[in-house]
file query_21.txt (compact mmCIF, C-alpha atoms)
# COMPACT_ATOMS: atom_id res chain seq x y z
CA MET H 1 134.08 181.64 -100.77
CA GLN H 2 133.58 177.86 -100.73
CA THR H 3 130.74 176.55 -98.57
CA MET H 4 131.59 173.50 -96.47
CA SER H 5 129.28 170.96 -94.92
CA PRO H 6 129.09 171.27 -91.13
CA ASN H 7 129.42 167.49 -90.89
CA HIS H 8 132.64 167.10 -92.85
CA THR H 9 135.71 169.27 -93.25
CA PRO H 10 139.21 168.42 -94.52
CA ASP H 11 140.64 168.44 -90.98
CA THR H 12 137.84 166.40 -89.37
CA PRO H 13 137.87 162.92 -90.91
CA SER H 14 134.88 160.69 -90.29
CA VAL H 15 135.17 158.70 -87.07
CA PHE H 16 132.56 156.07 -88.00
CA GLN H 17 131.01 154.08 -90.81
CA LEU H 18 127.55 152.54 -91.00
CA LYS H 19 127.69 148.96 -92.25
CA GLY H 20 125.13 146.23 -92.65
CA SER H 21 125.68 142.99 -90.80
CA MET H 22 123.72 139.83 -90.11
CA LEU H 23 124.03 138.35 -86.63
CA ALA H 24 122.23 135.35 -85.24
CA ILE H 25 119.88 136.59 -82.49
CA THR H 26 117.69 134.32 -80.41
CA VAL H 27 114.01 135.26 -80.01
CA LEU H 28 112.29 134.28 -76.74
CA GLU H 29 108.57 134.26 -77.50
CA LEU H 30 106.54 134.50 -74.31
CA ALA H 31 103.30 132.49 -74.40
CA ARG H 32 102.13 133.28 -70.83
CA ASN H 33 102.88 136.00 -68.30
CA ASP H 34 104.27 133.62 -65.67
CA LEU H 35 107.78 134.66 -64.68
CA GLU H 36 108.17 131.97 -62.02
CA ALA H 37 107.43 129.23 -64.55
CA LEU H 38 109.74 130.91 -67.06
CA ASP H 39 112.57 130.94 -64.49
CA ARG H 40 112.13 127.22 -63.80
CA GLN H 41 111.88 126.26 -67.46
CA LEU H 42 114.90 128.35 -68.47
CA ALA H 43 116.91 126.71 -65.68
CA ALA H 44 116.02 123.31 -67.16
CA LYS H 45 117.14 124.43 -70.62
CA VAL H 46 120.42 125.76 -69.23
CA ALA H 47 121.07 122.42 -67.54
CA GLN H 48 120.74 120.71 -70.94
CA ALA H 49 122.98 123.08 -72.91
CA PRO H 50 124.82 125.60 -70.71
CA ASN H 51 127.10 126.88 -73.48
CA PHE H 52 124.13 127.92 -75.62
CA PHE H 53 123.02 130.31 -72.86
CA SER H 54 126.37 132.04 -72.42
CA ASN H 55 125.95 135.76 -73.21
CA THR H 56 123.42 134.98 -75.94
CA PRO H 57 121.88 138.10 -77.58
CA LEU H 58 118.11 138.05 -77.20
CA VAL H 59 114.94 139.69 -78.47
CA LEU H 60 112.01 139.33 -76.06
CA ALA H 61 108.85 138.72 -78.11
CA LEU H 62 105.76 139.82 -76.18
CA ASP H 63 103.50 140.23 -79.21
CA LYS H 64 102.04 136.71 -78.93
CA LEU H 65 100.82 137.13 -75.33
CA PRO H 66 97.03 136.73 -74.98
CA ALA H 67 95.20 140.02 -74.41
CA GLY H 68 94.07 139.06 -70.91
CA GLU H 69 97.50 138.12 -69.56
CA GLY H 70 98.02 141.45 -67.78
CA ALA H 71 101.03 143.77 -67.73
CA VAL H 72 104.47 142.15 -67.89
CA ASP H 73 107.08 143.08 -65.29
CA LEU H 74 109.63 143.88 -68.00
CA PRO H 75 112.60 144.66 -65.71
CA GLY H 76 111.89 141.46 -63.76
CA LEU H 77 111.63 139.48 -67.00
CA MET H 78 114.97 140.86 -68.18
CA ARG H 79 116.60 140.00 -64.83
CA ILE H 80 115.48 136.39 -65.17
CA CYS H 81 116.85 136.20 -68.71
CA ARG H 82 120.13 137.81 -67.67
CA HIS H 83 120.44 135.36 -64.74
CA HIS H 84 120.37 132.53 -67.27
CA GLY H 85 122.90 134.12 -69.65
CA LEU H 86 120.48 135.79 -72.09
CA ARG H 87 121.22 139.46 -72.81
CA THR H 88 118.12 141.39 -73.91
CA LEU H 89 118.80 143.75 -76.83
CA ALA H 90 115.20 144.74 -77.64
CA ILE H 91 111.59 143.68 -77.29
CA ARG H 92 108.96 142.92 -79.91
CA ALA H 93 105.56 144.12 -78.80
CA ASN H 94 102.18 145.46 -79.86
CA ARG H 95 100.45 146.11 -76.52
CA ILE H 96 100.63 149.72 -75.33
CA GLU H 97 101.63 148.78 -71.79
CA ASP H 98 104.57 146.66 -72.98
CA ILE H 99 105.79 149.38 -75.35
CA ALA H 100 105.51 151.98 -72.58
CA ALA H 101 107.46 149.76 -70.16
CA ALA H 102 110.27 149.38 -72.72
CA ILE H 103 110.40 153.11 -73.43
CA ALA H 104 110.61 153.79 -69.68
CA ILE H 105 113.89 151.85 -69.45
CA ASP H 106 115.21 153.00 -72.84
CA LEU H 107 114.90 149.55 -74.44
CA PRO H 108 114.41 149.45 -78.25
CA VAL H 109 110.98 148.28 -79.45
CA LEU H 110 110.64 146.23 -82.64
CA PRO H 111 107.35 145.89 -84.53
CA PRO H 112 105.35 142.65 -84.22
CA SER H 113 106.56 139.84 -86.44
CA GLY H 114 104.62 139.04 -89.57
CA ALA H 115 106.72 135.93 -90.18
CA ARG H 116 106.87 132.64 -88.34
CA GLU H 117 110.12 131.95 -86.56
CA ARG H 118 111.46 128.43 -86.65
CA PRO H 119 111.93 126.87 -83.21
CA LEU H 120 115.61 126.73 -82.30
CA GLU H 121 116.23 124.08 -79.67
CA PRO H 122 119.73 123.86 -78.19
CA GLU H 123 120.99 120.32 -78.30
CA PRO H 124 121.49 118.73 -74.87
CA GLU H 125 125.14 118.43 -74.03
CA ALA H 126 126.38 115.00 -73.08
CA LYS H 127 127.17 114.56 -69.40
CA LYS H 128 130.84 113.95 -68.80
CA PRO H 129 131.67 110.77 -66.87
CA GLU H 130 133.73 110.98 -63.72
CA PRO H 131 137.40 111.01 -64.73
CA ALA H 132 139.38 107.89 -63.84
CA PRO H 133 142.93 108.14 -62.51
CA ALA H 134 145.26 108.46 -65.45
CA PRO H 135 148.90 109.24 -66.18
CA PRO H 136 149.87 112.83 -67.06
CA PRO H 137 148.08 113.73 -70.32
CA VAL H 138 149.93 114.08 -73.60
CA LEU H 139 149.21 117.48 -75.15
CA GLU H 140 147.37 117.08 -78.46
CA PRO H 141 145.58 119.54 -80.73
CA GLU H 142 142.01 120.15 -79.59
CA VAL H 143 139.43 118.47 -81.82
CA ARG H 144 136.22 120.48 -82.02
CA PRO H 145 132.91 118.66 -82.43
CA THR H 146 131.57 118.46 -85.97
CA ARG H 147 127.90 118.08 -86.84
CA ILE H 148 127.31 116.03 -90.00
CA ILE H 149 124.01 116.16 -91.93
CA THR H 150 123.54 113.56 -94.68
CA ALA H 151 119.90 114.26 -95.65
CA PRO H 152 118.81 117.17 -97.88
CA VAL H 153 118.04 120.33 -95.91
CA ARG H 154 114.57 121.54 -96.85
CA GLY H 155 113.28 125.11 -96.98
CA GLY H 156 112.27 126.35 -93.53
CA GLN H 157 114.75 124.11 -91.72
CA GLN H 158 117.41 125.65 -89.47
CA ILE H 159 120.46 123.62 -88.46
CA TYR H 160 122.98 124.88 -85.89
CA ALA H 161 126.40 123.37 -85.12
CA GLN H 162 127.20 124.65 -81.65
CA GLY H 163 130.86 125.00 -80.78
CA GLY H 164 132.20 123.50 -84.00
CA ASP H 165 131.83 122.88 -87.74
CA LEU H 166 128.79 121.91 -89.79
CA VAL H 167 129.12 119.45 -92.69
CA VAL H 168 126.22 118.87 -95.11
CA THR H 169 126.74 116.13 -97.67
CA ALA H 170 123.43 116.76 -99.48
CA SER H 171 121.75 119.76 -101.10
CA VAL H 172 120.43 122.80 -99.21
CA SER H 173 117.12 124.21 -100.50
CA PRO H 174 116.11 127.88 -100.72
CA GLY H 175 114.74 129.08 -97.40
CA ALA H 176 116.93 126.72 -95.38
CA GLU H 177 119.45 128.13 -92.91
CA LEU H 178 122.79 126.71 -91.79
CA LEU H 179 124.50 128.17 -88.70
CA ALA H 180 127.81 127.19 -87.12
CA ASP H 181 130.20 128.58 -84.55
CA GLY H 182 132.97 127.20 -86.79
CA ASN H 183 133.17 126.40 -90.51
CA ILE H 184 130.39 125.28 -92.86
CA HIS H 185 130.96 122.67 -95.60
CA VAL H 186 128.27 121.92 -98.20
CA TYR H 187 128.95 119.13 -100.68
CA GLY H 188 125.66 119.51 -102.57
CA ALA H 189 123.99 122.50 -104.20
CA MET H 190 123.92 125.41 -101.72
CA ARG H 191 120.74 127.43 -102.35
CA GLY H 192 119.88 128.57 -98.82
CA ARG H 193 121.62 130.74 -96.21
CA ALA H 194 124.97 129.89 -94.58
CA LEU H 195 126.17 131.76 -91.47
CA ALA H 196 129.56 130.66 -90.13
CA GLY H 197 131.42 131.94 -87.09
CA ILE H 198 128.16 133.29 -85.67
CA LYS H 199 129.69 134.01 -82.25
CA GLY H 200 132.45 136.16 -83.73
CA ASN H 201 134.98 133.63 -85.09
CA THR H 202 136.56 135.65 -87.92
CA LYS H 203 138.73 132.66 -88.95
CA ALA H 204 135.68 130.59 -89.90
CA ARG H 205 135.12 129.73 -93.56
CA ILE H 206 132.33 128.50 -95.83
CA PHE H 207 133.03 125.80 -98.43
CA CYS H 208 130.46 125.11 -101.15
CA GLN H 209 130.65 122.68 -104.03
CA GLN H 210 128.04 124.72 -105.93
CA MET H 211 127.55 128.31 -104.74
CA THR H 212 124.03 129.53 -105.52
CA ALA H 213 123.25 130.76 -102.00
CA GLU H 214 120.64 133.26 -100.83
CA MET H 215 123.19 134.63 -98.36
CA VAL H 216 126.61 133.85 -96.90
CA SER H 217 127.91 135.36 -93.66
CA ILE H 218 131.03 135.07 -91.53
CA ALA H 219 131.18 136.64 -88.06
CA GLY H 220 128.33 139.01 -88.95
CA GLN H 221 129.68 140.25 -92.31
CA TYR H 222 127.50 139.07 -95.16
CA LYS H 223 126.67 139.07 -98.86
CA VAL H 224 123.19 138.43 -100.20
CA CYS H 225 122.08 136.76 -103.42
CA GLU H 226 122.13 140.00 -105.43
CA ASP H 227 125.82 140.48 -104.60
CA LEU H 228 126.72 136.82 -105.08
CA ARG H 229 125.12 136.61 -108.55
CA ARG H 230 127.48 139.32 -109.79
CA ASP H 231 130.50 137.25 -108.78
CA PRO H 232 132.09 135.31 -111.69
CA LEU H 233 132.26 132.23 -109.43
CA TRP H 234 128.45 132.05 -109.03
CA GLY H 235 127.47 128.38 -109.39
CA ALA H 236 131.06 127.13 -108.98
CA GLY H 237 132.86 125.39 -106.13
CA VAL H 238 134.14 128.12 -103.81
CA GLN H 239 135.40 128.95 -100.38
CA VAL H 240 134.36 132.11 -98.53
CA SER H 241 136.71 133.74 -96.03
CA LEU H 242 136.83 137.01 -94.11
CA SER H 243 139.61 139.59 -94.37
CA GLY H 244 138.96 142.53 -92.07
CA ASP H 245 135.31 143.25 -92.83
CA VAL H 246 135.41 142.04 -96.44
CA LEU H 247 134.15 138.64 -97.58
CA ASN H 248 136.46 137.01 -100.12
CA ILE H 249 135.15 134.36 -102.52
CA THR H 250 137.76 132.16 -104.20
CA ARG H 251 137.64 129.01 -106.28
CA LEU H 252 138.12 125.68 -104.49
call {"tool": "encode", "arguments": {"input": "query_21.txt", "output": "structure tokens"}}
result
Amino acid sequence: MQTMSPNHTPDTPSVFQLKGSMLAITVLELARNDLEALDRQLAAKVAQAPNFFSNTPLVLALDKLPAGEGAVDLPGLMRICRHHGLRTLAIRANRIEDIAAAIAIDLPVLPPSGARERPLEPEPEAKKPEPAPAPPPVLEPEVRPTRIITAPVRGGQQIYAQGGDLVVTASVSPGAELLADGNIHVYGAMRGRALAGIKGNTKARIFCQQMTAEMVSIAGQYKVCEDLRRDPLWGAGVQVSLSGDVLNITRL
């Protein structure tokens, strides 16, 4: 008699797969336990760049709070973040009281960070002038904003093109990170990380004149350097696109 695994039988196909993905998640690192000041300061940030704070996934970092700051009202903190468009996925903490507060509301707890995050400042959005009376508009294709970087991108730098494409006409060093809601174009050597379509745009693409990247990602699906080195187009001019959940690398 053949023994069968209780987790898999011929008439019960698997209903899920576990897959790795890389998503851009904002970290809010709290320096003081002052929720009123946080509310005011977040409101000022939202006024500068409202689209950046639209359903943005968030990790609340409480591990840098001074020891004498007292217990954080975690539900109240999450309500303030949610009010400003930030959706808390987990906290990062090392104090017992913060960990206990997260467990009490079934919120995942991440270990304290041993690395230094790079500050990510949303760019202020230009204020739109009052519209002047005009004849009925002629329908034209929408032109998305493009961010153009002409200087080399050094290791440790993070550049984000919000709402559009990112074009880099110089080289990108190891340790540098490029992020865009749209496509990414690199016309120099690409040795850092490129994440396109970070808010779920599966049509986004990555174009590199010389692909030697640490990682490429489109809409959360990614390949790291170990995978890329095995590709015969390593070091060549390529474009990266997404088909389903598979990244395709083809010659330019």
call {"tool": "atom_distance", "arguments": {"input": "query_21.txt", "atom1": "CA of Gln158 (chain H)", "atom2": "CA of Ala176 (chain H)"}}
result
6.0 Å
call {"tool": "residues_around", "arguments": {"input": "query_21.txt", "residues": "Phe53 (chain H)", "least_positions_apart": "6", "cutoff": "7 Å", "atoms": "all atoms listed in the file", "output": "MDAnalysis selection string"}}
result
chainID H and resid 46 84:86
call {"tool": "residues_around", "arguments": {"input": "query_21.txt", "residues": "Asp227 (chain H)", "least_positions_apart": "4", "cutoff": "9 Å", "atoms": "all atoms listed in the file", "output": "list in words"}}
result
Met215, Lys223 and Asp231 of chain H
call {"tool": "closest_residue", "arguments": {"input": "query_21.txt", "among": "H:Leu77, H:Leu233, H:Val15, H:Val59", "to": "Arg32 (chain H)", "atoms": "only C-alpha atoms"}}
result
H:Leu77
call {"tool": "atom_distance", "arguments": {"input": "query_21.txt", "atom1": "CA of Ala37 (chain H)", "atom2": "CA of Ile80 (chain H)"}}
result
10.8 Å
call {"tool": "closest_residue", "arguments": {"input": "query_21.txt", "among": "H:Ala43, H:Ala170, H:His83, H:Asp165", "to": "Asn55 (chain H)", "atoms": "only C-alpha atoms"}}
result
H:His83
call {"tool": "atom_distance", "arguments": {"input": "query_21.txt", "atom1": "CA of Gly182 (chain H)", "atom2": "CA of Pro145 (chain H)"}}
result
9.6 Å
call {"tool": "closest_residue", "arguments": {"input": "query_21.txt", "among": "H:Leu89, H:Leu228, H:Ala236, H:Val109", "to": "Leu62 (chain H)", "atoms": "all atoms listed in the file"}}
result
H:Val109
call {"tool": "closest_residue", "arguments": {"input": "query_21.txt", "among": "H:Gln209, H:Asn248, H:Asn201, H:Ser173", "to": "His185 (chain H)", "atoms": "only C-alpha atoms"}}
result
H:Gln209
call {"tool": "residues_around", "arguments": {"input": "query_21.txt", "residues": "Ser171 (chain H)", "least_positions_apart": "3", "cutoff": "9 Å", "atoms": "only C-alpha atoms", "output": "number ranges by chain"}}
result
H: 151-154, 168, 186-191
call {"tool": "residues_around", "arguments": {"input": "query_21.txt", "residues": "region 97-107 of chain H", "least_positions_apart": "3", "cutoff": "10 Å", "atoms": "all atoms listed in the file", "output": "list in words"}}
result
Leu62, Asp63, Gly70, Ala71, Val72, Asp73, Leu74, Pro75, Thr88, Leu89, Ala90, Ile91, Arg92, Ala93, Asn94, Leu110 and Pro111 of chain H
call {"tool": "axis_aligned_box", "arguments": {"input": "query_21.txt", "around": "region 40-51 of chain H", "padding_each_side": "4 Å", "output": "JSON"}}
result
{"center_x": 119.5, "center_y": 124.5, "center_z": -68.6, "size_x": 23.2, "size_y": 15.6, "size_z": 17.7}
call {"tool": "residues_around", "arguments": {"input": "query_21.txt", "residues": "region 217-219 of chain H", "least_positions_apart": "2", "cutoff": "7 Å", "atoms": "all atoms listed in the file", "output": "count of residues only"}}
result
15
call {"tool": "closest_residue", "arguments": {"input": "query_21.txt", "among": "H:Gln48, H:Gly192, H:Leu38, H:Ala67", "to": "Cys81 (chain H)", "atoms": "all atoms listed in the file"}}
result
H:Leu38
call {"tool": "closest_residue", "arguments": {"input": "query_21.txt", "among": "H:Cys208, H:Gly235, H:Phe52, H:Pro66", "to": "Tyr160 (chain H)", "atoms": "all atoms listed in the file"}}
result
H:Phe52
call {"tool": "decode", "arguments": {"input": "query_21.txt", "residues": "region 163-176 of chain H", "atoms": "N, CA and C atoms", "output": "PDB file, in the first residue's frame"}}
result
ATOM      1  N   GLY H 163       5.495  58.799  -9.836  1.00  0.00           N
ATOM      2  CA  GLY H 163       4.455  59.000 -10.835  1.00  0.00           C
ATOM      3  C   GLY H 163       4.909  58.898 -12.270  1.00  0.00           C
ATOM      4  N   GLY H 164       6.174  58.596 -12.529  1.00  0.00           N
ATOM      5  CA  GLY H 164       6.636  58.542 -13.911  1.00  0.00           C
ATOM      6  C   GLY H 164       7.917  57.759 -14.071  1.00  0.00           C
ATOM      7  N   ASP H 165       8.673  58.088 -15.129  1.00  0.00           N
ATOM      8  CA  ASP H 165       9.894  57.357 -15.479  1.00  0.00           C
ATOM      9  C   ASP H 165      11.118  58.020 -14.858  1.00  0.00           C
ATOM     10  N   LEU H 166      12.187  57.231 -14.761  1.00  0.00           N
ATOM     11  CA  LEU H 166      13.483  57.712 -14.293  1.00  0.00           C
ATOM     12  C   LEU H 166      14.516  57.459 -15.382  1.00  0.00           C
ATOM     13  N   VAL H 167      15.243  58.508 -15.765  1.00  0.00           N
ATOM     14  CA  VAL H 167      16.288  58.394 -16.785  1.00  0.00           C
ATOM     15  C   VAL H 167      17.610  58.803 -16.146  1.00  0.00           C
ATOM     16  N   VAL H 168      18.614  57.921 -16.219  1.00  0.00           N
ATOM     17  CA  VAL H 168      19.950  58.217 -15.710  1.00  0.00           C
ATOM     18  C   VAL H 168      20.920  58.132 -16.880  1.00  0.00           C
ATOM     19  N   THR H 169      21.576  59.244 -17.174  1.00  0.00           N
ATOM     20  CA  THR H 169      22.480  59.284 -18.324  1.00  0.00           C
ATOM     21  C   THR H 169      23.923  58.980 -17.938  1.00  0.00           C
ATOM     22  N   ALA H 170      24.182  58.714 -16.656  1.00  0.00           N
ATOM     23  CA  ALA H 170      25.527  58.405 -16.180  1.00  0.00           C
ATOM     24  C   ALA H 170      25.533  57.008 -15.556  1.00  0.00           C
ATOM     25  N   SER H 171      26.634  56.653 -14.941  1.00  0.00           N
ATOM     26  CA  SER H 171      26.760  55.312 -14.348  1.00  0.00           C
ATOM     27  C   SER H 171      26.086  55.267 -12.979  1.00  0.00           C
ATOM     28  N   VAL H 172      25.740  54.033 -12.561  1.00  0.00           N
ATOM     29  CA  VAL H 172      25.105  53.798 -11.264  1.00  0.00           C
ATOM     30  C   VAL H 172      25.999  52.836 -10.487  1.00  0.00           C
ATOM     31  N   SER H 173      26.521  53.276  -9.350  1.00  0.00           N
ATOM     32  CA  SER H 173      27.502  52.499  -8.591  1.00  0.00           C
ATOM     33  C   SER H 173      26.838  51.406  -7.758  1.00  0.00           C
ATOM     34  N   PRO H 174      27.617  50.389  -7.369  1.00  0.00           N
ATOM     35  CA  PRO H 174      27.081  49.385  -6.439  1.00  0.00           C
ATOM     36  C   PRO H 174      26.602  50.053  -5.165  1.00  0.00           C
ATOM     37  N   GLY H 175      25.493  49.559  -4.623  1.00  0.00           N
ATOM     38  CA  GLY H 175      24.936  50.146  -3.410  1.00  0.00           C
ATOM     39  C   GLY H 175      23.965  51.276  -3.654  1.00  0.00           C
ATOM     40  N   ALA H 176      23.879  51.765  -4.891  1.00  0.00           N
ATOM     41  CA  ALA H 176      22.904  52.801  -5.229  1.00  0.00           C
ATOM     42  C   ALA H 176      21.572  52.148  -5.569  1.00  0.00           C
TER      43      ALA H 176
END
